[in-house]
>>> print(open('input-v4.cif').read())   # mmCIF, C-alpha atoms
data_work
loop_
_atom_site.label_atom_id
_atom_site.label_comp_id
_atom_site.auth_asym_id
_atom_site.auth_seq_id
_atom_site.Cartn_x
_atom_site.Cartn_y
_atom_site.Cartn_z
CA MET A 90 -14.16 1.67 -16.57
CA ALA A 91 -11.88 -0.74 -14.72
CA LEU A 92 -8.24 0.30 -14.79
CA ASP A 93 -5.40 -2.01 -15.74
CA ASN A 94 -2.86 -2.45 -12.95
CA PRO A 95 0.38 -3.91 -14.36
CA THR A 96 1.58 -5.16 -10.95
CA LEU A 97 -1.54 -7.28 -10.40
CA GLN A 98 -1.57 -9.21 -13.66
CA LYS A 99 -1.68 -12.89 -12.70
CA PRO A 100 0.83 -15.20 -14.39
CA VAL A 101 -0.96 -17.25 -17.05
CA THR A 102 1.56 -18.41 -19.63
CA THR A 103 4.92 -20.02 -18.95
CA ALA A 104 6.61 -16.76 -19.96
CA ASP A 105 4.44 -14.90 -17.40
CA LYS A 106 5.54 -17.25 -14.62
CA VAL A 107 9.22 -17.05 -15.55
CA PHE A 108 9.01 -13.25 -15.81
CA ASP A 109 7.47 -13.09 -12.32
CA ALA A 110 10.08 -15.44 -10.82
CA ILE A 111 13.08 -13.62 -12.32
CA LEU A 112 11.60 -10.21 -11.49
CA HIS A 113 11.34 -10.99 -7.78
CA ALA A 114 14.76 -12.64 -7.77
CA ILE A 115 16.26 -9.42 -9.15
CA VAL A 116 14.30 -7.08 -6.86
CA ASP A 117 15.17 -9.14 -3.76
CA GLY A 118 18.85 -9.32 -4.73
CA LYS A 119 18.95 -13.08 -5.31
CA ILE A 120 20.19 -12.22 -8.79
CA ALA A 121 22.81 -9.56 -8.08
CA ALA A 122 22.65 -6.05 -9.51
CA GLY A 123 25.06 -5.67 -12.42
CA SER A 124 25.42 -9.42 -12.94
CA LYS A 125 25.40 -10.97 -16.41
CA ILE A 126 22.38 -13.09 -17.25
CA SER A 127 23.08 -16.52 -18.67
CA GLU A 128 20.25 -17.35 -21.05
CA PRO A 129 21.29 -21.01 -21.37
CA GLY A 130 21.52 -21.27 -17.58
CA LEU A 131 18.09 -19.72 -16.97
CA ALA A 132 16.49 -21.77 -19.75
CA LYS A 133 17.85 -24.92 -18.09
CA GLN A 134 16.87 -23.77 -14.58
CA TYR A 135 13.25 -23.10 -15.54
CA GLU A 136 13.09 -25.92 -18.10
CA ILE A 137 11.86 -23.63 -20.86
CA SER A 138 12.79 -22.83 -24.44
CA ARG A 139 15.09 -19.94 -25.28
CA SER A 140 12.22 -18.19 -27.12
CA THR A 141 10.02 -18.34 -23.98
CA LEU A 142 12.88 -16.98 -21.88
CA ARG A 143 13.48 -14.14 -24.32
CA GLU A 144 9.82 -13.16 -24.06
CA ALA A 145 10.22 -12.88 -20.27
CA LEU A 146 13.49 -10.94 -20.67
CA ASN A 147 11.82 -8.49 -23.05
CA ARG A 148 9.30 -7.65 -20.33
CA LEU A 149 12.03 -7.29 -17.71
CA GLU A 150 13.79 -4.83 -20.01
CA LYS A 151 10.59 -2.76 -20.24
CA CYS A 152 10.57 -2.64 -16.42
CA HIS A 153 14.15 -1.28 -16.58
CA LEU A 154 15.45 -4.22 -14.53
CA ILE A 155 17.78 -5.57 -17.21
CA GLU A 156 19.80 -4.10 -20.05
CA ARG A 157 20.33 -5.93 -23.31
CA LYS A 158 23.04 -5.12 -25.84
CA ALA A 159 23.75 -6.68 -29.21
CA ASN A 160 26.71 -9.09 -29.15
CA VAL A 161 27.00 -8.61 -25.39
CA GLY A 162 23.83 -10.15 -23.94
CA SER A 163 21.66 -9.32 -20.94
CA ARG A 164 22.75 -7.86 -17.63
CA VAL A 165 20.88 -6.81 -14.49
CA VAL A 166 20.96 -3.04 -14.07
CA ASP A 167 23.43 -1.58 -11.60
CA CYS A 168 22.05 0.13 -8.51
CA THR A 169 24.01 3.38 -8.70
CA ILE A 170 23.60 6.51 -6.62
CA GLU A 171 23.18 8.53 -9.80
CA GLY A 172 20.42 6.21 -11.00
CA LEU A 173 18.67 6.42 -7.64
CA LEU A 174 18.69 10.24 -7.65
CA GLU A 175 17.37 10.33 -11.21
CA ILE A 176 14.47 8.09 -10.19
CA TYR A 177 13.64 10.43 -7.30
CA VAL A 178 13.48 13.40 -9.67
CA VAL A 179 11.05 11.51 -11.93
CA ARG A 180 9.00 10.31 -8.95
CA GLU A 181 8.74 13.83 -7.52
CA ALA A 182 7.10 15.09 -10.69
CA LEU A 183 4.91 12.11 -11.59
CA GLU A 184 3.81 11.08 -8.10
CA GLY A 185 3.02 14.69 -7.31
CA MET A 186 0.74 14.67 -10.34
CA ALA A 187 -0.76 11.33 -9.27
CA CYS A 188 -1.44 12.75 -5.81
CA ARG A 189 -3.33 15.71 -7.26
CA GLU A 190 -5.40 13.32 -9.37
CA ALA A 191 -6.03 11.08 -6.34
CA ALA A 192 -7.52 14.00 -4.41
CA ILE A 193 -10.01 14.43 -7.24
CA ASN A 194 -10.72 10.82 -8.19
CA MET A 195 -10.33 8.63 -5.11
CA SER A 196 -13.55 7.25 -3.69
CA ASP A 197 -14.37 7.69 0.00
CA ASP A 198 -13.86 3.93 0.46
CA GLU A 199 -10.39 4.09 -1.09
CA ILE A 200 -9.43 6.95 1.21
CA ALA A 201 -10.72 5.00 4.22
CA GLU A 202 -8.61 2.01 3.15
CA MET A 203 -5.51 4.20 3.03
CA GLN A 204 -6.25 5.61 6.47
CA ASP A 205 -6.57 2.04 7.78
CA MET A 206 -3.29 1.14 6.07
CA LEU A 207 -1.49 4.01 7.81
CA ALA A 208 -2.94 2.84 11.13
CA GLN A 209 -1.30 -0.55 10.44
CA HIS A 210 2.00 1.15 9.60
CA ALA A 211 1.86 3.09 12.88
CA ASN A 212 1.98 -0.21 14.80
CA SER A 213 5.28 -1.28 13.22
CA GLN A 214 7.91 -1.61 15.96
CA ALA A 215 10.69 -0.45 13.63
CA LEU A 216 8.72 2.72 12.90
CA ILE A 217 7.87 3.23 16.59
CA ASP A 218 11.60 2.98 17.35
CA GLY A 219 12.35 5.42 14.51
CA ILE A 220 14.66 2.90 12.82
CA SER A 221 12.97 2.23 9.49
CA TYR A 222 9.70 2.56 7.63
CA TYR A 223 9.42 -0.55 5.47
CA GLN A 224 6.25 -1.12 3.45
CA GLU A 225 5.30 -4.42 1.89
CA GLU A 226 4.72 -4.62 -1.84
CA GLY A 227 1.35 -3.70 -3.30
CA ASP A 228 -1.66 -2.87 -1.15
CA LEU A 229 0.46 -2.06 1.93
CA ASP A 230 2.64 0.39 0.00
CA PHE A 231 1.50 4.00 0.50
CA HIS A 232 2.88 5.33 -2.78
CA TYR A 233 1.44 2.41 -4.76
CA LYS A 234 -2.04 3.08 -3.36
CA VAL A 235 -1.85 6.80 -4.16
CA ILE A 236 -0.84 6.03 -7.75
CA LEU A 237 -3.78 3.64 -8.19
CA GLY A 238 -6.02 6.21 -6.53
CA SER A 239 -5.19 8.69 -9.28
CA HIS A 240 -7.40 6.60 -11.62
CA ASN A 241 -5.12 7.83 -14.41
CA GLN A 242 -4.14 4.88 -16.61
CA GLN A 243 -1.08 6.58 -18.09
CA LEU A 244 0.39 7.36 -14.66
CA ILE A 245 -0.39 3.82 -13.50
CA ASN A 246 1.34 2.35 -16.55
CA ILE A 247 4.49 4.41 -15.98
CA LEU A 248 4.74 4.31 -12.18
CA CYS A 249 3.30 0.84 -11.48
CA GLY A 250 4.36 -0.83 -14.71
CA GLN A 251 7.67 0.64 -15.84
CA LEU A 252 9.19 1.96 -12.60
CA TYR A 253 7.56 0.27 -9.60
CA HIS A 254 9.80 -2.78 -9.31
CA LEU A 255 12.94 -0.79 -10.09
CA VAL A 256 12.10 1.58 -7.24
CA ARG A 257 11.57 -1.40 -4.91
CA MET A 258 14.88 -2.89 -6.02
CA TYR A 259 16.66 0.31 -5.02
CA ARG A 260 14.76 0.49 -1.72
CA ILE A 261 15.67 -3.06 -0.75
CA GLN A 262 19.29 -3.01 -1.91
CA PHE A 263 20.12 0.41 -0.45
CA GLY A 264 18.40 -0.45 2.83
CA MET A 265 15.39 0.98 4.63
CA HIS A 266 17.14 2.38 7.71
CA SER A 267 16.68 6.11 7.78
CA PRO A 268 16.59 8.95 10.31
CA ARG A 269 13.54 10.15 8.34
CA ALA A 270 11.39 7.14 9.24
CA THR A 271 9.10 8.89 11.74
CA ARG A 272 8.95 12.12 9.75
CA ALA A 273 8.15 10.23 6.54
CA PHE A 274 5.20 8.56 8.25
CA HIS A 275 3.83 11.91 9.41
CA GLU A 276 4.27 13.28 5.90
CA HIS A 277 2.19 10.36 4.59
CA SER A 278 -0.50 11.21 7.12
CA ASN A 279 -0.58 14.84 6.00
CA ILE A 280 -0.83 13.79 2.35
CA ILE A 281 -3.80 11.54 3.09
CA GLN A 282 -5.50 14.36 4.97
CA ALA A 283 -5.08 16.65 1.94
CA ILE A 284 -6.55 13.93 -0.30
CA CYS A 285 -9.41 13.45 2.16
CA ASP A 286 -10.04 17.22 2.05
CA ARG A 287 -10.09 16.99 -1.78
CA ASP A 288 -7.33 19.61 -1.90
CA GLY A 289 -5.44 18.50 -5.01
CA GLU A 290 -3.05 21.45 -5.03
CA LEU A 291 -1.94 20.87 -1.45
CA ALA A 292 -1.76 17.09 -1.96
CA GLU A 293 0.61 17.55 -4.91
CA ILE A 294 2.79 20.02 -3.03
CA LEU A 295 3.06 17.73 0.00
CA MET A 296 3.93 14.68 -2.12
CA ARG A 297 6.57 16.58 -4.06
CA ARG A 298 8.08 17.90 -0.81
CA HIS A 299 7.98 14.42 0.70
CA ILE A 300 9.90 12.80 -2.17
CA ALA A 301 12.29 15.77 -2.47
CA ALA A 302 13.10 15.47 1.25
CA SER A 303 13.99 11.79 0.79
CA ARG A 304 16.22 12.65 -2.16
CA LYS A 305 17.98 15.40 -0.19
CA ASN A 306 18.51 12.94 2.68
CA ILE A 307 20.25 10.57 0.25
CA GLU A 308 22.39 13.41 -1.10
CA LYS A 309 23.46 14.31 2.46
CA LYS A 310 24.45 10.68 3.10
CA ILE A 311 26.53 10.65 -0.09
CA ALA A 312 28.24 13.92 0.82
CA LEU A 313 29.03 12.60 4.30
CA GLN A 314 30.44 9.35 2.92
CA ASN A 315 32.60 11.24 0.42
CA SER A 316 33.95 13.60 3.09
CA THR A 317 34.76 10.66 5.36
CA ALA A 318 36.53 8.79 2.58
CA ALA A 319 38.56 11.85 1.53
#
>>> encode(input="input-v4.cif", output="structure tokens")
Amino acid sequence: MALDNPTLQKPVTTADKVFDAILHAIVDGKIAAGSKISEPGLAKQYEISRSTLREALNRLEKCHLIERKANVGSRVVDCTIEGLLEIYVVREALEGMACREAAINMSDDEIAEMQDMLAQHANSQALIDGISYYQEEGDLDFHYKVILGSHNQQLINILCGQLYHLVRMYRIQFGMHSPRATRAFHEHSNIIQAICDRDGELAEILMRRHIAASRKNIEKKIALQNSTAA
């Protein structure tokens, strides 16, 4: 049975196209985090009705990119440190589970594709220099491919549908420079090897450790910033 991938649904209706345009504007920071959304302004900008716009905004709310309150209106979510750490806790649990499932359900061809993808990542100059490890959206994103490889529709719906673009928003707006760049790449390689070996238990452990290490790195940065500011 073919699985539904929420991030690959092609825009068909006007609401689909507006949703896609606003989504990427928010993720890329063109519409600032925390900013109030002007429904009349967006309706005029995209030359659409308010009802069509509201349909698009409803979907953005389900992706956790905007917040809507009665008598207040819509606002882009704030990128807070607390929110980022909460997302990492959720990712550690759910992506660990997805990784275990991927070791069981991924086809040999899917594994080979991921190995080829990591070979492409290894040629990135920023990664070679140990500066950053930036991954493009979708099929060049390691975590995205593992989630799809789980072949578990519920995990795909949550991680690719509800959380994927919010995670990318945080990644982009908090920056990709990290002293963990080279280590993170090697951790990805070890995870793929565990999946290739069909060792679901090890694959889950490695993914959970990988995401936990990133979270701890963020916590160290915060602690350092706070001590410097004090």
>>> closest_residue(input="input-v4.cif", among="A:Glu128, A:Lys119, A:Ile311, A:Gly289", to="A:Ser140", atoms="only C-alpha atoms")
A:Glu128
>>> resolve_selection(input="input-v4.cif", expression="the PyMOL selection byres ((chain A and resi 296-310) around 9)", output="JSON, numbers by chain")
{"A": [170, 173, 174, 177, 178, 180, 181, 182, 183, 184, 185, 186, 188, 189, 267, 268, 269, 273, 276, 277, 280, 291, 292, 293, 294, 295, 311, 312, 313, 314, 315]}
>>> write_last_selection(input="input-v4.cif", atoms="C-alpha atoms", output="JSON list (two decimals), in the frame of the given file")
[["chain", "number", "residue", "atom", "x", "y", "z"],
["A", 170, "ILE", "CA", 23.60, 6.51, -6.62],
["A", 173, "LEU", "CA", 18.67, 6.42, -7.64],
["A", 174, "LEU", "CA", 18.69, 10.24, -7.65],
["A", 177, "TYR", "CA", 13.64, 10.43, -7.30],
["A", 178, "VAL", "CA", 13.48, 13.40, -9.67],
["A", 180, "ARG", "CA", 9.00, 10.31, -8.95],
["A", 181, "GLU", "CA", 8.74, 13.83, -7.52],
["A", 182, "ALA", "CA", 7.10, 15.09, -10.69],
["A", 183, "LEU", "CA", 4.91, 12.11, -11.59],
["A", 184, "GLU", "CA", 3.81, 11.08, -8.10],
["A", 185, "GLY", "CA", 3.02, 14.69, -7.31],
["A", 186, "MET", "CA", 0.74, 14.67, -10.34],
["A", 188, "CYS", "CA", -1.44, 12.75, -5.81],
["A", 189, "ARG", "CA", -3.33, 15.71, -7.26],
["A", 267, "SER", "CA", 16.68, 6.11, 7.78],
["A", 268, "PRO", "CA", 16.59, 8.95, 10.31],
["A", 269, "ARG", "CA", 13.54, 10.15, 8.34],
["A", 273, "ALA", "CA", 8.15, 10.23, 6.54],
["A", 276, "GLU", "CA", 4.27, 13.28, 5.90],
["A", 277, "HIS", "CA", 2.19, 10.36, 4.59],
["A", 280, "ILE", "CA", -0.83, 13.79, 2.35],
["A", 291, "LEU", "CA", -1.94, 20.87, -1.45],
["A", 292, "ALA", "CA", -1.76, 17.09, -1.96],
["A", 293, "GLU", "CA", 0.61, 17.55, -4.91],
["A", 294, "ILE", "CA", 2.79, 20.02, -3.03],
["A", 295, "LEU", "CA", 3.06, 17.73, 0.00],
["A", 311, "ILE", "CA", 26.53, 10.65, -0.09],
["A", 312, "ALA", "CA", 28.24, 13.92, 0.82],
["A", 313, "LEU", "CA", 29.03, 12.60, 4.30],
["A", 314, "GLN", "CA", 30.44, 9.35, 2.92],
["A", 315, "ASN", "CA", 32.60, 11.24, 0.42]]
>>> residues_around(input="input-v4.cif", residues="stretch 159-166 of chain A", least_positions_apart="3", cutoff="10 Å", atoms="all atoms listed in the file", output="list in words")
Ile115, Ile120, Ala121, Ala122, Gly123, Ser124, Lys125, Ile126, Ser127, Glu128, Leu146, Leu149, Glu150, His153, Leu154, Ile155, Glu156, Thr169, Gly172 and Leu255 of chain A
>>> closest_residue(input="input-v4.cif", among="A:Leu237, A:Leu142, A:Ile281, A:Ala104", to="A:Leu207", atoms="only C-alpha atoms")
A:Ile281
>>> resolve_selection(input="input-v4.cif", expression="the PyMOL selection byres ((chain A and resi 241) around 9)", output="mmCIF file with C-alpha atoms, in the coordinates of the input")
data_model
loop_
_atom_site.group_PDB
_atom_site.id
_atom_site.type_symbol
_atom_site.label_atom_id
_atom_site.label_comp_id
_atom_site.auth_asym_id
_atom_site.auth_seq_id
_atom_site.Cartn_x
_atom_site.Cartn_y
_atom_site.Cartn_z
ATOM 1 C CA LEU A 92 -8.240 0.300 -14.790
ATOM 2 C CA ALA A 187 -0.760 11.330 -9.270
ATOM 3 C CA GLU A 190 -5.400 13.320 -9.370
ATOM 4 C CA ALA A 191 -6.030 11.080 -6.340
ATOM 5 C CA ASN A 194 -10.720 10.820 -8.190
ATOM 6 C CA ILE A 236 -0.840 6.030 -7.750
ATOM 7 C CA LEU A 237 -3.780 3.640 -8.190
ATOM 8 C CA GLY A 238 -6.020 6.210 -6.530
ATOM 9 C CA SER A 239 -5.190 8.690 -9.280
ATOM 10 C CA HIS A 240 -7.400 6.600 -11.620
ATOM 11 C CA GLN A 242 -4.140 4.880 -16.610
ATOM 12 C CA GLN A 243 -1.080 6.580 -18.090
ATOM 13 C CA LEU A 244 0.390 7.360 -14.660
ATOM 14 C CA ILE A 245 -0.390 3.820 -13.500
ATOM 15 C CA ASN A 246 1.340 2.350 -16.550
#
>>> closest_residue(input="input-v4.cif", among="A:Gly118, A:Cys168, A:Lys106, A:Gln214", to="A:Thr271", atoms="all atoms listed in the file")
A:Gln214
>>> atom_distance(input="input-v4.cif", atom1="atom CA of A:Ile261", atom2="atom CA of A:Leu248")
17.4 Å
>>> atom_distance(input="input-v4.cif", atom1="atom CA of A:Tyr259", atom2="atom CA of A:Gln134")
25.9 Å
>>> atom_distance(input="input-v4.cif", atom1="atom CA of A:Asp230", atom2="atom CA of A:Thr102")
27.2 Å
>>> closest_residue(input="input-v4.cif", among="A:Ala270, A:Leu216, A:Ile176, A:Cys285", to="A:Leu252", atoms="all atoms listed in the file")
A:Ile176
>>> residues_near_point(input="input-v4.cif", point="(6.4, -0.6, -19.1)", cutoff="8 Å", atoms="only C-alpha atoms", output="list in words")
Arg148, Lys151, Cys152, Asn246, Ile247, Gly250, Gln251 and Leu252 of chain A
>>> closest_residue(input="input-v4.cif", among="A:Asp117, A:Glu175, A:Asp109, A:Asp286", to="A:Ile200", atoms="all atoms listed in the file")
A:Asp286
>>> closest_residue(input="input-v4.cif", among="A:Glu290, A:Glu136, A:Asp167, A:Phe231", to="A:Asp205", atoms="all atoms listed in the file")
A:Phe231
>>> decode(input="input-v4.cif", residues="stretch 248-261 of chain A", atoms="all heavy atoms", output="mmCIF file, in the first residue's frame")
data_model
loop_
_atom_site.group_PDB
_atom_site.id
_atom_site.type_symbol
_atom_site.label_atom_id
_atom_site.label_comp_id
_atom_site.auth_asym_id
_atom_site.auth_seq_id
_atom_site.Cartn_x
_atom_site.Cartn_y
_atom_site.Cartn_z
ATOM 1 N N LEU A 248 5.446 13.375 12.123
ATOM 2 C CA LEU A 248 6.781 13.946 11.950
ATOM 3 C C LEU A 248 6.961 14.684 10.629
ATOM 4 O O LEU A 248 7.683 15.688 10.570
ATOM 5 C CB LEU A 248 7.835 12.842 12.077
ATOM 6 C CG LEU A 248 7.968 12.251 13.486
ATOM 7 C CD1 LEU A 248 8.810 10.979 13.453
ATOM 8 C CD2 LEU A 248 8.584 13.267 14.441
ATOM 9 N N CYS A 249 6.300 14.213 9.569
ATOM 10 C CA CYS A 249 6.418 14.897 8.271
ATOM 11 C C CYS A 249 5.273 15.882 8.047
ATOM 12 O O CYS A 249 5.427 16.843 7.307
ATOM 13 C CB CYS A 249 6.447 13.893 7.120
ATOM 14 S SG CYS A 249 7.969 12.942 7.017
ATOM 15 N N GLY A 250 4.138 15.613 8.675
ATOM 16 C CA GLY A 250 2.992 16.492 8.475
ATOM 17 C C GLY A 250 2.910 17.592 9.507
ATOM 18 O O GLY A 250 2.927 18.771 9.191
ATOM 19 N N GLN A 251 2.846 17.222 10.784
ATOM 20 C CA GLN A 251 2.616 18.199 11.835
ATOM 21 C C GLN A 251 3.867 18.937 12.289
ATOM 22 O O GLN A 251 3.797 20.100 12.665
ATOM 23 C CB GLN A 251 1.974 17.506 13.042
ATOM 24 C CG GLN A 251 0.607 16.903 12.764
ATOM 25 C CD GLN A 251 0.036 16.203 13.977
ATOM 26 O OE1 GLN A 251 0.285 16.583 15.113
ATOM 27 N NE2 GLN A 251 -0.730 15.141 13.743
ATOM 28 N N LEU A 252 5.033 18.289 12.278
ATOM 29 C CA LEU A 252 6.223 18.879 12.885
ATOM 30 C C LEU A 252 7.351 19.230 11.914
ATOM 31 O O LEU A 252 8.224 20.024 12.261
ATOM 32 C CB LEU A 252 6.784 17.926 13.962
ATOM 33 C CG LEU A 252 5.920 17.720 15.206
ATOM 34 C CD1 LEU A 252 6.595 16.722 16.140
ATOM 35 C CD2 LEU A 252 5.681 19.035 15.924
ATOM 36 N N TYR A 253 7.348 18.666 10.716
ATOM 37 C CA TYR A 253 8.513 18.789 9.841
ATOM 38 C C TYR A 253 8.890 20.240 9.544
ATOM 39 O O TYR A 253 10.047 20.646 9.680
ATOM 40 C CB TYR A 253 8.270 18.034 8.531
ATOM 41 C CG TYR A 253 9.464 18.040 7.606
ATOM 42 C CD1 TYR A 253 10.596 17.279 7.908
ATOM 43 C CD2 TYR A 253 9.487 18.814 6.447
ATOM 44 C CE1 TYR A 253 11.701 17.287 7.077
ATOM 45 C CE2 TYR A 253 10.584 18.820 5.616
ATOM 46 C CZ TYR A 253 11.692 18.058 5.931
ATOM 47 O OH TYR A 253 12.797 18.069 5.112
ATOM 48 N N HIS A 254 7.920 21.037 9.131
ATOM 49 C CA HIS A 254 8.229 22.415 8.741
ATOM 50 C C HIS A 254 8.547 23.289 9.951
ATOM 51 O O HIS A 254 9.345 24.221 9.848
ATOM 52 C CB HIS A 254 7.079 23.002 7.921
ATOM 53 C CG HIS A 254 6.910 22.330 6.594
ATOM 54 N ND1 HIS A 254 7.832 22.449 5.575
ATOM 55 C CD2 HIS A 254 5.948 21.505 6.125
ATOM 56 C CE1 HIS A 254 7.434 21.746 4.530
ATOM 57 N NE2 HIS A 254 6.304 21.161 4.837
ATOM 58 N N LEU A 255 7.957 22.975 11.100
ATOM 59 C CA LEU A 255 8.304 23.702 12.317
ATOM 60 C C LEU A 255 9.751 23.431 12.705
ATOM 61 O O LEU A 255 10.491 24.351 13.076
ATOM 62 C CB LEU A 255 7.365 23.287 13.453
ATOM 63 C CG LEU A 255 7.589 23.985 14.797
ATOM 64 C CD1 LEU A 255 7.371 25.482 14.681
ATOM 65 C CD2 LEU A 255 6.649 23.395 15.860
ATOM 66 N N VAL A 256 10.172 22.185 12.588
ATOM 67 C CA VAL A 256 11.570 21.835 12.877
ATOM 68 C C VAL A 256 12.502 22.581 11.930
ATOM 69 O O VAL A 256 13.526 23.130 12.348
ATOM 70 C CB VAL A 256 11.783 20.308 12.753
ATOM 71 C CG1 VAL A 256 13.268 19.967 12.805
ATOM 72 C CG2 VAL A 256 11.043 19.574 13.866
ATOM 73 N N ARG A 257 12.147 22.640 10.641
ATOM 74 C CA ARG A 257 12.994 23.345 9.674
ATOM 75 C C ARG A 257 13.032 24.849 9.964
ATOM 76 O O ARG A 257 14.062 25.496 9.787
ATOM 77 C CB ARG A 257 12.510 23.086 8.246
ATOM 78 C CG ARG A 257 12.789 21.671 7.770
ATOM 79 C CD ARG A 257 12.685 21.554 6.254
ATOM 80 N NE ARG A 257 13.701 22.348 5.569
ATOM 81 C CZ ARG A 257 14.977 21.965 5.409
ATOM 82 N NH1 ARG A 257 15.403 20.813 5.896
ATOM 83 N NH2 ARG A 257 15.824 22.738 4.780
ATOM 84 N N MET A 258 11.914 25.390 10.410
ATOM 85 C CA MET A 258 11.870 26.804 10.774
ATOM 86 C C MET A 258 12.875 27.095 11.882
ATOM 87 O O MET A 258 13.637 28.066 11.822
ATOM 88 C CB MET A 258 10.448 27.166 11.223
ATOM 89 C CG MET A 258 10.275 28.592 11.711
ATOM 90 S SD MET A 258 8.576 28.851 12.292
ATOM 91 C CE MET A 258 8.686 30.537 12.889
ATOM 92 N N TYR A 259 12.887 26.245 12.907
ATOM 93 C CA TYR A 259 13.837 26.411 13.998
ATOM 94 C C TYR A 259 15.280 26.264 13.501
ATOM 95 O O TYR A 259 16.161 27.029 13.879
ATOM 96 C CB TYR A 259 13.565 25.391 15.102
ATOM 97 C CG TYR A 259 12.605 25.877 16.157
ATOM 98 C CD1 TYR A 259 11.268 25.479 16.153
ATOM 99 C CD2 TYR A 259 13.029 26.722 17.176
ATOM 100 C CE1 TYR A 259 10.386 25.914 17.137
ATOM 101 C CE2 TYR A 259 12.156 27.160 18.168
ATOM 102 C CZ TYR A 259 10.839 26.753 18.138
ATOM 103 O OH TYR A 259 9.975 27.188 19.113
ATOM 104 N N ARG A 260 15.506 25.257 12.653
ATOM 105 C CA ARG A 260 16.864 25.023 12.147
ATOM 106 C C ARG A 260 17.387 26.248 11.413
ATOM 107 O O ARG A 260 18.526 26.689 11.607
ATOM 108 C CB ARG A 260 16.869 23.829 11.180
ATOM 109 C CG ARG A 260 16.847 22.465 11.814
ATOM 110 C CD ARG A 260 16.937 21.412 10.722
ATOM 111 N NE ARG A 260 16.782 20.060 11.216
ATOM 112 C CZ ARG A 260 16.663 19.001 10.429
ATOM 113 N NH1 ARG A 260 16.669 19.152 9.111
ATOM 114 N NH2 ARG A 260 16.539 17.798 10.934
ATOM 115 N N ILE A 261 16.562 26.802 10.535
ATOM 116 C CA ILE A 261 16.980 27.928 9.714
ATOM 117 C C ILE A 261 17.162 29.182 10.556
ATOM 118 O O ILE A 261 18.165 29.894 10.436
ATOM 119 C CB ILE A 261 15.956 28.177 8.580
ATOM 120 C CG1 ILE A 261 16.033 27.030 7.556
ATOM 121 C CG2 ILE A 261 16.219 29.508 7.891
ATOM 122 C CD1 ILE A 261 14.929 27.055 6.511
#
